[in-house]
Structures are given as C-alpha cells and as structure tokens.
file start_19.pdb (PDB, C-alpha atoms, pLDDT in the B column)
MODEL        1
ATOM      1  CA  MET A   1     -11.102  25.989  -6.899  1.00 71.00           C
ATOM      2  CA  LEU A   2     -10.032  22.425  -6.293  1.00 78.00           C
ATOM      3  CA  PRO A   3      -9.694  19.962  -9.140  1.00 86.00           C
ATOM      4  CA  THR A   4     -12.341  17.262  -9.327  1.00 90.00           C
ATOM      5  CA  THR A   5     -11.946  13.675 -10.418  1.00 93.00           C
ATOM      6  CA  VAL A   6     -13.904  12.667 -13.496  1.00 95.00           C
ATOM      7  CA  THR A   7     -14.392   9.103 -14.709  1.00 97.00           C
ATOM      8  CA  VAL A   8     -14.107   8.643 -18.474  1.00 98.00           C
ATOM      9  CA  LEU A   9     -15.665   5.533 -20.023  1.00 98.00           C
ATOM     10  CA  LEU A  10     -13.626   3.643 -22.610  1.00 98.00           C
ATOM     11  CA  PHE A  11     -14.915   1.145 -25.138  1.00 98.00           C
ATOM     12  CA  ALA A  12     -13.722  -1.350 -27.722  1.00 97.00           C
ATOM     13  CA  SER A  13     -10.310  -0.480 -29.216  1.00 97.00           C
ATOM     14  CA  TYR A  14      -9.760   2.381 -26.745  1.00 97.00           C
ATOM     15  CA  ALA A  15     -10.464   0.135 -23.751  1.00 97.00           C
ATOM     16  CA  ASP A  16      -8.014  -2.400 -25.193  1.00 96.00           C
ATOM     17  CA  ALA A  17      -5.418   0.305 -25.888  1.00 96.00           C
ATOM     18  CA  LEU A  18      -5.453   1.459 -22.259  1.00 96.00           C
ATOM     19  CA  GLY A  19      -6.147  -1.995 -20.797  1.00 96.00           C
ATOM     20  CA  ARG A  20      -9.173  -0.856 -18.817  1.00 97.00           C
ATOM     21  CA  PRO A  21     -12.835   0.086 -19.291  1.00 97.00           C
ATOM     22  CA  ARG A  22     -12.573   3.492 -17.577  1.00 97.00           C
ATOM     23  CA  ILE A  23      -9.984   5.993 -16.468  1.00 97.00           C
ATOM     24  CA  ASP A  24     -10.125   8.693 -13.792  1.00 96.00           C
ATOM     25  CA  VAL A  25      -8.665  12.109 -14.607  1.00 96.00           C
ATOM     26  CA  SER A  26      -8.334  15.258 -12.536  1.00 95.00           C
ATOM     27  CA  LEU A  27      -9.925  18.401 -14.003  1.00 96.00           C
ATOM     28  CA  THR A  28     -10.132  21.939 -12.736  1.00 95.00           C
ATOM     29  CA  PRO A  29     -13.574  23.609 -12.765  1.00 94.00           C
ATOM     30  CA  GLY A  30     -14.378  25.076 -16.173  1.00 95.00           C
ATOM     31  CA  SER A  31     -12.408  22.401 -18.018  1.00 97.00           C
ATOM     32  CA  THR A  32     -13.587  21.537 -21.516  1.00 98.00           C
ATOM     33  CA  VAL A  33     -13.857  18.301 -23.446  1.00 98.00           C
ATOM     34  CA  ALA A  34     -10.510  19.204 -25.064  1.00 98.00           C
ATOM     35  CA  ASP A  35      -8.899  19.511 -21.611  1.00 97.00           C
ATOM     36  CA  MET A  36     -10.345  16.142 -20.596  1.00 97.00           C
ATOM     37  CA  VAL A  37      -8.984  14.458 -23.747  1.00 97.00           C
ATOM     38  CA  ALA A  38      -5.556  15.959 -23.062  1.00 97.00           C
ATOM     39  CA  ARG A  39      -5.596  14.536 -19.491  1.00 96.00           C
ATOM     40  CA  VAL A  40      -6.655  11.086 -20.712  1.00 96.00           C
ATOM     41  CA  ARG A  41      -3.873  11.129 -23.309  1.00 96.00           C
ATOM     42  CA  ASP A  42      -1.229  12.068 -20.702  1.00 93.00           C
ATOM     43  CA  GLY A  43       1.108   9.106 -20.749  1.00 83.00           C
ATOM     44  CA  HIS A  44      -0.995   7.265 -23.330  1.00 88.00           C
ATOM     45  CA  ALA A  45      -0.627   9.616 -26.289  1.00 88.00           C
ATOM     46  CA  GLU A  46       0.772   6.943 -28.577  1.00 91.00           C
ATOM     47  CA  ARG A  47      -2.135   4.612 -27.837  1.00 94.00           C
ATOM     48  CA  LEU A  48      -5.049   6.974 -28.529  1.00 95.00           C
ATOM     49  CA  PRO A  49      -5.819   9.215 -31.504  1.00 95.00           C
ATOM     50  CA  ALA A  50      -5.229  12.936 -31.026  1.00 94.00           C
ATOM     51  CA  ARG A  51      -8.903  13.863 -31.393  1.00 95.00           C
ATOM     52  CA  PRO A  52     -11.238  11.013 -30.513  1.00 96.00           C
ATOM     53  CA  LEU A  53     -15.004  11.510 -30.607  1.00 97.00           C
ATOM     54  CA  VAL A  54     -16.421  12.254 -27.170  1.00 98.00           C
ATOM     55  CA  ALA A  55     -19.887  11.778 -25.725  1.00 98.00           C
ATOM     56  CA  VAL A  56     -21.151  13.802 -22.765  1.00 98.00           C
ATOM     57  CA  ASN A  57     -24.321  12.491 -21.147  1.00 98.00           C
ATOM     58  CA  GLN A  58     -24.720  10.056 -24.063  1.00 98.00           C
ATOM     59  CA  GLU A  59     -24.684  12.722 -26.813  1.00 97.00           C
ATOM     60  CA  TYR A  60     -21.746  13.550 -29.089  1.00 97.00           C
ATOM     61  CA  ALA A  61     -20.052  16.685 -27.803  1.00 98.00           C
ATOM     62  CA  PRO A  62     -17.880  19.400 -29.357  1.00 97.00           C
ATOM     63  CA  TYR A  63     -14.405  19.973 -27.885  1.00 97.00           C
ATOM     64  CA  ASP A  64     -15.273  23.415 -26.474  1.00 97.00           C
ATOM     65  CA  ARG A  65     -18.057  22.054 -24.278  1.00 97.00           C
ATOM     66  CA  VAL A  66     -17.458  22.703 -20.573  1.00 97.00           C
ATOM     67  CA  ILE A  67     -17.624  19.611 -18.398  1.00 97.00           C
ATOM     68  CA  GLU A  68     -19.962  19.881 -15.412  1.00 94.00           C
ATOM     69  CA  PRO A  69     -19.823  17.825 -12.223  1.00 90.00           C
ATOM     70  CA  GLY A  70     -21.797  14.624 -12.634  1.00 92.00           C
ATOM     71  CA  ASP A  71     -21.523  14.518 -16.441  1.00 96.00           C
ATOM     72  CA  GLU A  72     -21.249  11.019 -17.942  1.00 97.00           C
ATOM     73  CA  ILE A  73     -18.212  11.156 -20.210  1.00 98.00           C
ATOM     74  CA  ALA A  74     -17.045   8.607 -22.770  1.00 98.00           C
ATOM     75  CA  LEU A  75     -14.488   8.363 -25.549  1.00 98.00           C
ATOM     76  CA  ILE A  76     -16.165   6.901 -28.626  1.00 98.00           C
ATOM     77  CA  PRO A  77     -14.014   4.847 -31.029  1.00 97.00           C
ATOM     78  CA  PRO A  78     -15.094   4.800 -34.692  1.00 97.00           C
ATOM     79  CA  VAL A  79     -18.516   3.160 -34.619  1.00 97.00           C
ATOM     80  CA  ALA A  80     -19.117  -0.001 -36.616  1.00 96.00           C
ATOM     81  CA  GLY A  81     -22.671  -1.157 -36.050  1.00 96.00           C
ATOM     82  CA  GLY A  82     -24.898  -2.907 -38.536  1.00 95.00           C
TER      83      GLY A  82
ATOM     84  CA  MET B  83     -39.099  24.512 -34.801  1.00 51.00           C
ATOM     85  CA  ILE B  84     -41.692  22.055 -33.602  1.00 58.00           C
ATOM     86  CA  ALA B  85     -40.920  18.493 -34.606  1.00 59.00           C
ATOM     87  CA  PRO B  86     -43.624  16.719 -36.585  1.00 59.00           C
ATOM     88  CA  PRO B  87     -45.478  14.030 -34.660  1.00 58.00           C
ATOM     89  CA  ILE B  88     -44.330  10.453 -34.825  1.00 62.00           C
ATOM     90  CA  ALA B  89     -46.311   8.963 -37.653  1.00 63.00           C
ATOM     91  CA  GLY B  90     -46.552   5.404 -36.460  1.00 83.00           C
ATOM     92  CA  ARG B  91     -45.587   2.754 -33.984  1.00 92.00           C
ATOM     93  CA  ILE B  92     -41.926   2.200 -33.223  1.00 95.00           C
ATOM     94  CA  HIS B  93     -39.801  -0.482 -31.618  1.00 96.00           C
ATOM     95  CA  ALA B  94     -36.029  -0.346 -31.038  1.00 97.00           C
ATOM     96  CA  THR B  95     -33.882  -2.685 -28.976  1.00 97.00           C
ATOM     97  CA  LEU B  96     -30.322  -3.801 -28.467  1.00 98.00           C
ATOM     98  CA  GLN B  97     -30.335  -7.443 -27.464  1.00 97.00           C
ATOM     99  CA  SER B  98     -28.177 -10.473 -26.789  1.00 97.00           C
ATOM    100  CA  ARG B  99     -30.808 -13.023 -27.855  1.00 97.00           C
ATOM    101  CA  SER B 100     -31.060 -13.992 -31.514  1.00 97.00           C
ATOM    102  CA  ILE B 101     -33.232 -11.900 -33.815  1.00 98.00           C
ATOM    103  CA  ASP B 102     -36.461 -13.329 -35.214  1.00 98.00           C
ATOM    104  CA  PRO B 103     -37.343 -11.460 -38.445  1.00 98.00           C
ATOM    105  CA  ALA B 104     -40.892 -12.871 -38.336  1.00 98.00           C
ATOM    106  CA  ALA B 105     -41.418 -11.164 -34.971  1.00 97.00           C
ATOM    107  CA  LEU B 106     -40.333  -7.834 -36.485  1.00 97.00           C
ATOM    108  CA  LEU B 107     -42.737  -8.312 -39.383  1.00 98.00           C
ATOM    109  CA  ARG B 108     -45.534  -8.981 -36.899  1.00 97.00           C
ATOM    110  CA  ALA B 109     -44.521  -5.863 -34.944  1.00 96.00           C
ATOM    111  CA  VAL B 110     -44.947  -3.631 -38.005  1.00 97.00           C
ATOM    112  CA  ALA B 111     -48.049  -5.331 -39.416  1.00 97.00           C
ATOM    113  CA  ASP B 112     -50.676  -2.678 -40.108  1.00 96.00           C
ATOM    114  CA  PRO B 113     -53.974  -2.697 -42.001  1.00 96.00           C
ATOM    115  CA  GLY B 114     -52.978   0.624 -43.621  1.00 95.00           C
ATOM    116  CA  ALA B 115     -49.704  -0.753 -44.999  1.00 96.00           C
ATOM    117  CA  GLY B 116     -49.387  -1.689 -48.650  1.00 97.00           C
ATOM    118  CA  ALA B 117     -45.663  -2.410 -48.372  1.00 98.00           C
ATOM    119  CA  THR B 118     -43.280  -3.737 -45.766  1.00 98.00           C
ATOM    120  CA  ALA B 119     -39.508  -3.524 -46.255  1.00 98.00           C
ATOM    121  CA  LEU B 120     -37.284  -5.886 -44.266  1.00 98.00           C
ATOM    122  CA  PHE B 121     -33.530  -5.385 -44.059  1.00 98.00           C
ATOM    123  CA  LEU B 122     -31.227  -7.940 -42.442  1.00 98.00           C
ATOM    124  CA  GLY B 123     -27.551  -7.449 -41.727  1.00 98.00           C
ATOM    125  CA  THR B 124     -25.711 -10.771 -41.436  1.00 98.00           C
ATOM    126  CA  VAL B 125     -22.221 -11.887 -40.427  1.00 98.00           C
ATOM    127  CA  ARG B 126     -20.131 -12.357 -43.570  1.00 96.00           C
ATOM    128  CA  ASN B 127     -17.275 -14.849 -43.928  1.00 96.00           C
ATOM    129  CA  THR B 128     -14.658 -12.393 -45.210  1.00 95.00           C
ATOM    130  CA  HIS B 129     -13.503  -8.823 -44.619  1.00 92.00           C
ATOM    131  CA  ASP B 130     -11.104  -7.234 -47.099  1.00 89.00           C
ATOM    132  CA  GLY B 131     -10.205 -10.710 -48.273  1.00 91.00           C
ATOM    133  CA  ARG B 132      -9.470 -12.123 -44.779  1.00 93.00           C
ATOM    134  CA  PRO B 133     -11.493 -15.176 -43.788  1.00 96.00           C
ATOM    135  CA  VAL B 134     -13.748 -14.349 -40.810  1.00 96.00           C
ATOM    136  CA  THR B 135     -15.179 -16.936 -38.390  1.00 97.00           C
ATOM    137  CA  GLY B 136     -17.438 -14.662 -36.313  1.00 97.00           C
ATOM    138  CA  ILE B 137     -17.929 -11.209 -34.851  1.00 98.00           C
ATOM    139  CA  ASP B 138     -18.207  -9.837 -31.297  1.00 97.00           C
ATOM    140  CA  TYR B 139     -20.585  -6.872 -31.055  1.00 98.00           C
ATOM    141  CA  HIS B 140     -20.074  -4.463 -28.158  1.00 98.00           C
ATOM    142  CA  ALA B 141     -22.213  -1.420 -27.390  1.00 98.00           C
ATOM    143  CA  TYR B 142     -22.230   1.568 -25.107  1.00 98.00           C
ATOM    144  CA  SER B 143     -25.574   0.498 -23.714  1.00 95.00           C
ATOM    145  CA  GLY B 144     -27.672   3.463 -22.706  1.00 96.00           C
ATOM    146  CA  MET B 145     -26.234   5.697 -25.409  1.00 98.00           C
ATOM    147  CA  ALA B 146     -26.731   3.040 -28.088  1.00 98.00           C
ATOM    148  CA  ASP B 147     -30.325   2.376 -26.985  1.00 97.00           C
ATOM    149  CA  ARG B 148     -31.011   6.078 -26.893  1.00 97.00           C
ATOM    150  CA  HIS B 149     -29.660   6.714 -30.399  1.00 97.00           C
ATOM    151  CA  LEU B 150     -31.303   3.636 -31.896  1.00 97.00           C
ATOM    152  CA  HIS B 151     -34.619   4.860 -30.544  1.00 97.00           C
ATOM    153  CA  ALA B 152     -34.015   8.415 -31.784  1.00 97.00           C
ATOM    154  CA  ILE B 153     -33.152   7.169 -35.294  1.00 97.00           C
ATOM    155  CA  VAL B 154     -36.379   5.200 -35.539  1.00 97.00           C
ATOM    156  CA  ILE B 155     -38.374   8.243 -34.421  1.00 96.00           C
ATOM    157  CA  GLU B 156     -36.566  10.359 -37.048  1.00 96.00           C
ATOM    158  CA  ALA B 157     -37.360   7.800 -39.760  1.00 96.00           C
ATOM    159  CA  SER B 158     -40.991   7.734 -38.676  1.00 95.00           C
ATOM    160  CA  GLN B 159     -41.190  11.536 -38.828  1.00 94.00           C
ATOM    161  CA  ARG B 160     -39.409  11.781 -42.186  1.00 96.00           C
ATOM    162  CA  TYR B 161     -41.248   9.068 -44.058  1.00 96.00           C
ATOM    163  CA  GLY B 162     -44.567   8.800 -42.266  1.00 93.00           C
ATOM    164  CA  ALA B 163     -44.289   5.054 -41.881  1.00 87.00           C
ATOM    165  CA  CYS B 164     -47.101   3.013 -40.349  1.00 91.00           C
ATOM    166  CA  ALA B 165     -44.582   1.285 -38.112  1.00 97.00           C
ATOM    167  CA  ILE B 166     -40.815   0.778 -37.851  1.00 98.00           C
ATOM    168  CA  ALA B 167     -39.001  -1.858 -35.810  1.00 98.00           C
ATOM    169  CA  VAL B 168     -35.266  -2.370 -35.357  1.00 98.00           C
ATOM    170  CA  GLU B 169     -33.306  -4.879 -33.326  1.00 98.00           C
ATOM    171  CA  HIS B 170     -29.495  -4.976 -33.071  1.00 98.00           C
ATOM    172  CA  ARG B 171     -27.484  -7.798 -31.550  1.00 98.00           C
ATOM    173  CA  VAL B 172     -24.681  -7.588 -29.011  1.00 98.00           C
ATOM    174  CA  GLY B 173     -22.362 -10.442 -28.059  1.00 98.00           C
ATOM    175  CA  TYR B 174     -20.694 -13.103 -30.198  1.00 98.00           C
ATOM    176  CA  LEU B 175     -22.298 -13.994 -33.542  1.00 98.00           C
ATOM    177  CA  GLY B 176     -21.312 -16.814 -35.839  1.00 98.00           C
ATOM    178  CA  LEU B 177     -21.318 -16.710 -39.641  1.00 98.00           C
ATOM    179  CA  GLY B 178     -24.704 -16.018 -41.187  1.00 98.00           C
ATOM    180  CA  GLU B 179     -26.302 -14.835 -37.942  1.00 98.00           C
ATOM    181  CA  ILE B 180     -28.462 -11.731 -38.108  1.00 98.00           C
ATOM    182  CA  SER B 181     -26.696  -8.764 -36.514  1.00 98.00           C
ATOM    183  CA  VAL B 182     -29.383  -6.203 -37.265  1.00 98.00           C
ATOM    184  CA  ALA B 183     -32.952  -6.356 -38.541  1.00 98.00           C
ATOM    185  CA  ILE B 184     -35.112  -3.443 -39.645  1.00 98.00           C
ATOM    186  CA  ALA B 185     -38.745  -3.645 -40.702  1.00 98.00           C
ATOM    187  CA  ALA B 186     -40.727  -0.681 -41.995  1.00 98.00           C
ATOM    188  CA  SER B 187     -44.337  -0.719 -43.076  1.00 97.00           C
ATOM    189  CA  HIS B 188     -45.923   2.042 -45.140  1.00 97.00           C
ATOM    190  CA  GLU B 189     -48.843   2.702 -47.380  1.00 96.00           C
ATOM    191  CA  ARG B 190     -46.406   2.752 -50.331  1.00 97.00           C
ATOM    192  CA  ARG B 191     -43.238   0.823 -51.167  1.00 97.00           C
ATOM    193  CA  ALA B 192     -40.831   3.704 -51.899  1.00 97.00           C
ATOM    194  CA  PRO B 193     -41.034   5.279 -48.428  1.00 97.00           C
ATOM    195  CA  ALA B 194     -40.998   1.811 -46.813  1.00 97.00           C
ATOM    196  CA  PHE B 195     -37.630   1.125 -48.488  1.00 98.00           C
ATOM    197  CA  ALA B 196     -36.420   4.660 -47.727  1.00 98.00           C
ATOM    198  CA  ALA B 197     -37.291   4.414 -44.036  1.00 97.00           C
ATOM    199  CA  ALA B 198     -35.468   1.099 -43.644  1.00 98.00           C
ATOM    200  CA  ARG B 199     -32.481   2.510 -45.542  1.00 98.00           C
ATOM    201  CA  TYR B 200     -32.402   5.611 -43.346  1.00 98.00           C
ATOM    202  CA  VAL B 201     -32.328   3.497 -40.193  1.00 98.00           C
ATOM    203  CA  ILE B 202     -29.401   1.288 -41.287  1.00 98.00           C
ATOM    204  CA  GLU B 203     -27.344   4.200 -42.625  1.00 98.00           C
ATOM    205  CA  GLU B 204     -27.823   6.229 -39.432  1.00 98.00           C
ATOM    206  CA  ILE B 205     -26.966   3.210 -37.263  1.00 98.00           C
ATOM    207  CA  LYS B 206     -23.685   2.877 -39.130  1.00 97.00           C
ATOM    208  CA  ARG B 207     -23.009   6.578 -38.822  1.00 97.00           C
ATOM    209  CA  ARG B 208     -23.675   7.260 -35.155  1.00 97.00           C
ATOM    210  CA  VAL B 209     -24.867   4.445 -32.891  1.00 98.00           C
ATOM    211  CA  PRO B 210     -22.012   3.532 -30.512  1.00 98.00           C
ATOM    212  CA  ILE B 211     -21.678  -0.132 -31.424  1.00 98.00           C
ATOM    213  CA  TRP B 212     -18.356  -1.786 -32.245  1.00 98.00           C
ATOM    214  CA  LYS B 213     -17.464  -5.089 -33.821  1.00 97.00           C
ATOM    215  CA  ARG B 214     -14.408  -7.231 -33.350  1.00 97.00           C
ATOM    216  CA  GLU B 215     -13.863  -9.733 -36.107  1.00 96.00           C
ATOM    217  CA  HIS B 216     -12.440 -13.164 -35.375  1.00 97.00           C
ATOM    218  CA  TYR B 217     -10.242 -14.527 -38.160  1.00 96.00           C
ATOM    219  CA  VAL B 218      -9.446 -18.075 -39.223  1.00 94.00           C
ATOM    220  CA  ASP B 219      -5.857 -17.684 -37.965  1.00 92.00           C
ATOM    221  CA  GLY B 220      -7.137 -17.052 -34.413  1.00 94.00           C
ATOM    222  CA  THR B 221      -6.481 -13.303 -34.356  1.00 95.00           C
ATOM    223  CA  ARG B 222      -9.160 -10.702 -33.556  1.00 96.00           C
ATOM    224  CA  GLU B 223      -9.419  -7.082 -34.628  1.00 95.00           C
ATOM    225  CA  TRP B 224     -11.773  -4.138 -34.040  1.00 96.00           C
ATOM    226  CA  VAL B 225     -13.300  -2.964 -37.295  1.00 94.00           C
ATOM    227  CA  ASP B 226     -12.456   0.672 -38.045  1.00 92.00           C
ATOM    228  CA  PRO B 227     -14.637   2.140 -40.809  1.00 88.00           C
ATOM    229  CA  THR B 228     -12.771   5.462 -40.534  1.00 83.00           C
ATOM    230  CA  ARG B 229      -9.979   3.931 -42.556  1.00 74.00           C
ATOM    231  CA  ASP B 230     -12.385   4.907 -45.320  1.00 60.00           C
ATOM    232  CA  ALA B 231     -13.101   8.596 -45.881  1.00 56.00           C
ATOM    233  CA  GLY B 232     -15.949  10.581 -44.385  1.00 58.00           C
ATOM    234  CA  ALA B 233     -15.685   9.578 -40.746  1.00 63.00           C
ATOM    235  CA  ALA B 234     -17.103  11.798 -38.027  1.00 70.00           C
ATOM    236  CA  THR B 235     -14.714  14.111 -36.206  1.00 73.00           C
ATOM    237  CA  PRO B 236     -15.140  16.283 -33.108  1.00 76.00           C
ATOM    238  CA  GLU B 237     -15.706  19.195 -35.517  1.00 74.00           C
ATOM    239  CA  THR B 238     -18.760  17.445 -36.928  1.00 75.00           C
ATOM    240  CA  ALA B 239     -20.092  16.219 -33.564  1.00 77.00           C
ATOM    241  CA  ASN B 240     -23.151  18.442 -33.885  1.00 75.00           C
ATOM    242  CA  GLU B 241     -24.207  16.561 -37.012  1.00 77.00           C
ATOM    243  CA  LEU B 242     -24.393  13.413 -34.933  1.00 80.00           C
ATOM    244  CA  LEU B 243     -26.886  14.827 -32.482  1.00 71.00           C
ATOM    245  CA  SER B 244     -30.301  13.245 -32.434  1.00 66.00           C
ATOM    246  CA  THR B 245     -32.787  15.547 -34.090  1.00 60.00           C
ATOM    247  CA  ALA B 246     -35.927  13.704 -33.110  1.00 52.00           C
ATOM    248  CA  VAL B 247     -38.047  14.829 -30.223  1.00 44.00           C
ATOM    249  CA  SER B 248     -39.373  11.870 -28.302  1.00 41.00           C
ATOM    250  CA  ASN B 249     -42.979  12.344 -27.336  1.00 39.00           C
ATOM    251  CA  GLY B 250     -43.301   9.068 -25.504  1.00 37.00           C
ATOM    252  CA  GLU B 251     -45.383   7.334 -28.174  1.00 37.00           C
ATOM    253  CA  ARG B 252     -43.523   4.072 -28.055  1.00 36.00           C
ATOM    254  CA  GLY B 253     -45.496   1.225 -29.522  1.00 36.00           C
ATOM    255  CA  ALA B 254     -45.259  -2.512 -30.181  1.00 34.00           C
TER     256      ALA B 254
ENDMDL
END

call {"tool": "encode", "arguments": {"input": "start_19.pdb", "output": "structure tokens"}}
result
Amino acid sequence: MLPTTVTVLLFASYADALGRPRIDVSLTPGSTVADMVARVRDGHAERLPARPLVAVNQEYAPYDRVIEPGDEIALIPPVAGG
Amino acid sequence: MIAPPIAGRIHATLQSRSIDPAALLRAVADPGAGATALFLGTVRNTHDGRPVTGIDYHAYSGMADRHLHAIVIEASQRYGACAIAVEHRVGYLGLGEISVAIAASHERRAPAFAAARYVIEEIKRRVPIWKREHYVDGTREWVDPTRDAGAATPETANELLSTAVSNGERGA
C-alpha cells in the first residue's frame, strides 16, 4: 500500500529544536509510534531525544501503538506545568 | 471496573486571563464543606540560583484541557470532595503572578488538603504544559524537570493515561 503523510505536532523545546510547530512525515500503513519517531528524527537526530514521549489523539501512547489514518499525533517534551 | 461517581462539582480551565483566587473559593463554596484548601502556584524570582524575571507558559490546548479535567474528576472520585476547581495560566507571567490555583472543599480538612495536593502533583506529572523562564541577562530557557530523576518515558506511558471516566457532570 502507498505511504501516507502524517502531521506531527511539536511543542516548546522540540518546536524550537526543529524551528517549526509541526512536521510532516511519510509512513507506510501499519507503522507504529516508534516508526513515526524514527521518521521525525531523520536528519534531526541530534536535536531530539532518542525516545520522546508521544501522544496519539491527546493521550500518551506506547511505542508499539499502530498509527491509524486521521490520528492526531504530537511529540511531548518533558512537561513543566504548575 | 465501574468508576465511582463524581462526588461533587468540578471546574477546570486553562486560561490567558489572570487568576482570581476569590472566584475559585466561590466556585467551591458548599454548605456541606467544613474545610476548603486553596493552593496557589506563583512565579518565583530564581531557578537553581539564576535570577528569573518572568515565565512564558505554553500548552498543548485540547490535550491539556482534557487532562486537567480528568485529573479533577479523579481527585473528586478519590477523595469525595464537595467541589474542586482548578485554573492554570498560559502566556507570559511576571514575578509573583499566580500560574495555577486549586481549591478543594470537603466535609473534613484532611481530604480537602489531599485532593488539592493530588491535583497539583498530577498536573506536574502529566498535563502537557511547558514553561520558558526569562532570566535577568536576557536569555530564555525551557524548564526541563526530567533533569531530575523519575521522569516519564515511553515505557511508562500507560501510567499517564487518564483513569477517570467522565460522566458529563461538570459543575460551576
């Protein structure tokens, strides 16, 4: 099947590190959160941690979760509210 | 497992306008309450010895609102509070400004304190809010609490899931 383009939201230090608030990556069907992180880190590996927290549809997600079309995906830097 | 019902009224917002603690106290006022705990987080003038002039708060709105709301429901279920209200600021805050306010009313003081404590600790653990400190020398830096131990990792993502079941009983 054809790869699909997925938009990944970036915030705070990660948005600064990549100089943008979102990044589009190409994923093949059945790709996992781990695959998505690897695509985002392509070419930016030195600017992002190896295993950032990820949210899918606004909930924290494990790395083996399969990404579905239409999922809202975000990399979550260490939170610092309060 | 069926989640216990929400014990009392709840209120949770992320907002750019300044926080009025008196409004939170009014929101949790209840004739059945014998105790009301109020917690305020304020912008401090130093961080690790560096003089700070202010803090920018950024949030993943949507996810942050959702988790703030879930945390208040969890606190209500755990402690059986009469009412719990939380407001968290976004945007630029100067020294001394209130960044977060939590009010919890309960029949008894111990669970009122415990409910407010639960809400602030869970906010710090899992609500996607970030702060960038502004220093006296003009530099700015995102605060990274994971420089300390115990930070969440993808392996512990499941522990960050909201456990509350919203039943739509949103009050005051």

call {"tool": "resolve_selection", "arguments": {"input": "start_19.pdb", "expression": "the PyMOL selection byres ((chain A and resi 54-59) around 10)", "output": "number ranges by chain"}}
result
A: 8-9, 33-34, 36-37, 51-53, 60-63, 65-68, 70-77; B: 142-149, 210, 235-236, 239-240, 242-244

call {"tool": "interface_residues", "arguments": {"input": "start_19.pdb", "of": "chain B", "to": "chain A", "cutoff": "10 Å", "atoms": "only C-alpha atoms", "output": "PyMOL selection string"}}
result
chain B and resi 122-125+139-149+170-172+180-183+201-214+223-229+233-244

call {"tool": "resolve_selection", "arguments": {"input": "start_19.pdb", "expression": "the PyMOL selection byres ((chain B and resi 99) around 10)", "output": "VMD selection string"}}
result
chain B and resid 96 to 98 100 to 102 170 to 173

call {"tool": "write_last_selection", "arguments": {"input": "start_19.pdb", "atoms": "C-alpha atoms", "output": "PDB file, in the coordinates of the input"}}
result
ATOM      1  CA  LEU B  96     -30.322  -3.801 -28.467  1.00 98.00           C
ATOM      2  CA  GLN B  97     -30.335  -7.443 -27.464  1.00 97.00           C
ATOM      3  CA  SER B  98     -28.177 -10.473 -26.789  1.00 97.00           C
ATOM      4  CA  SER B 100     -31.060 -13.992 -31.514  1.00 97.00           C
ATOM      5  CA  ILE B 101     -33.232 -11.900 -33.815  1.00 98.00           C
ATOM      6  CA  ASP B 102     -36.461 -13.329 -35.214  1.00 98.00           C
ATOM      7  CA  HIS B 170     -29.495  -4.976 -33.071  1.00 98.00           C
ATOM      8  CA  ARG B 171     -27.484  -7.798 -31.550  1.00 98.00           C
ATOM      9  CA  VAL B 172     -24.681  -7.588 -29.011  1.00 98.00           C
ATOM     10  CA  GLY B 173     -22.362 -10.442 -28.059  1.00 98.00           C
TER      11      GLY B 173
END

call {"tool": "residues_near_point", "arguments": {"input": "start_19.pdb", "point": "(-9.0, -14.6, -44.5)", "cutoff": "12 Å", "atoms": "only C-alpha atoms", "output": "compact mmCIF listing (two decimals) with C-alpha atoms, keeping the file's coordinate frame"}}
result
# COMPACT_ATOMS: atom_id res chain seq x y z
CA ARG B 126 -20.13 -12.36 -43.57
CA ASN B 127 -17.27 -14.85 -43.93
CA THR B 128 -14.66 -12.39 -45.21
CA HIS B 129 -13.50 -8.82 -44.62
CA ASP B 130 -11.10 -7.23 -47.10
CA GLY B 131 -10.20 -10.71 -48.27
CA ARG B 132 -9.47 -12.12 -44.78
CA PRO B 133 -11.49 -15.18 -43.79
CA VAL B 134 -13.75 -14.35 -40.81
CA THR B 135 -15.18 -16.94 -38.39
CA GLY B 136 -17.44 -14.66 -36.31
CA GLU B 215 -13.86 -9.73 -36.11
CA HIS B 216 -12.44 -13.16 -35.38
CA TYR B 217 -10.24 -14.53 -38.16
CA VAL B 218 -9.45 -18.08 -39.22
CA ASP B 219 -5.86 -17.68 -37.97
CA GLY B 220 -7.14 -17.05 -34.41
CA THR B 221 -6.48 -13.30 -34.36
CA ARG B 222 -9.16 -10.70 -33.56

call {"tool": "axis_aligned_box", "arguments": {"input": "start_19.pdb", "around": "region 166-182 of chain B", "padding_each_side": "6 Å", "output": "JSON"}}
result
{"center_x": -30.8, "center_y": -8.0, "center_z": -34.6, "size_x": 32.1, "size_y": 29.6, "size_z": 25.1}

call {"tool": "residues_around", "arguments": {"input": "start_19.pdb", "residues": "His44 (chain A)", "least_positions_apart": "2", "cutoff": "12 Å", "atoms": "only C-alpha atoms", "output": "list in words"}}
result
Tyr14, Ala15, Ala17, Leu18, Gly19, Ile23, Val37, Ala38, Arg39, Val40, Arg41, Asp42, Glu46, Arg47, Leu48, Pro49 and Ala50 of chain A

call {"tool": "residues_around", "arguments": {"input": "start_19.pdb", "residues": "Leu106 (chain B)", "least_positions_apart": "2", "cutoff": "9 Å", "atoms": "all atoms listed in the file", "output": "PyMOL selection string"}}
result
chain B and resi 93+101-104+108-111+120+166-169+183-185

call {"tool": "atom_distance", "arguments": {"input": "start_19.pdb", "atom1": "CA of Ala165 (chain B)", "atom2": "CA of Arg190 (chain B)"}}
result
12.4 Å
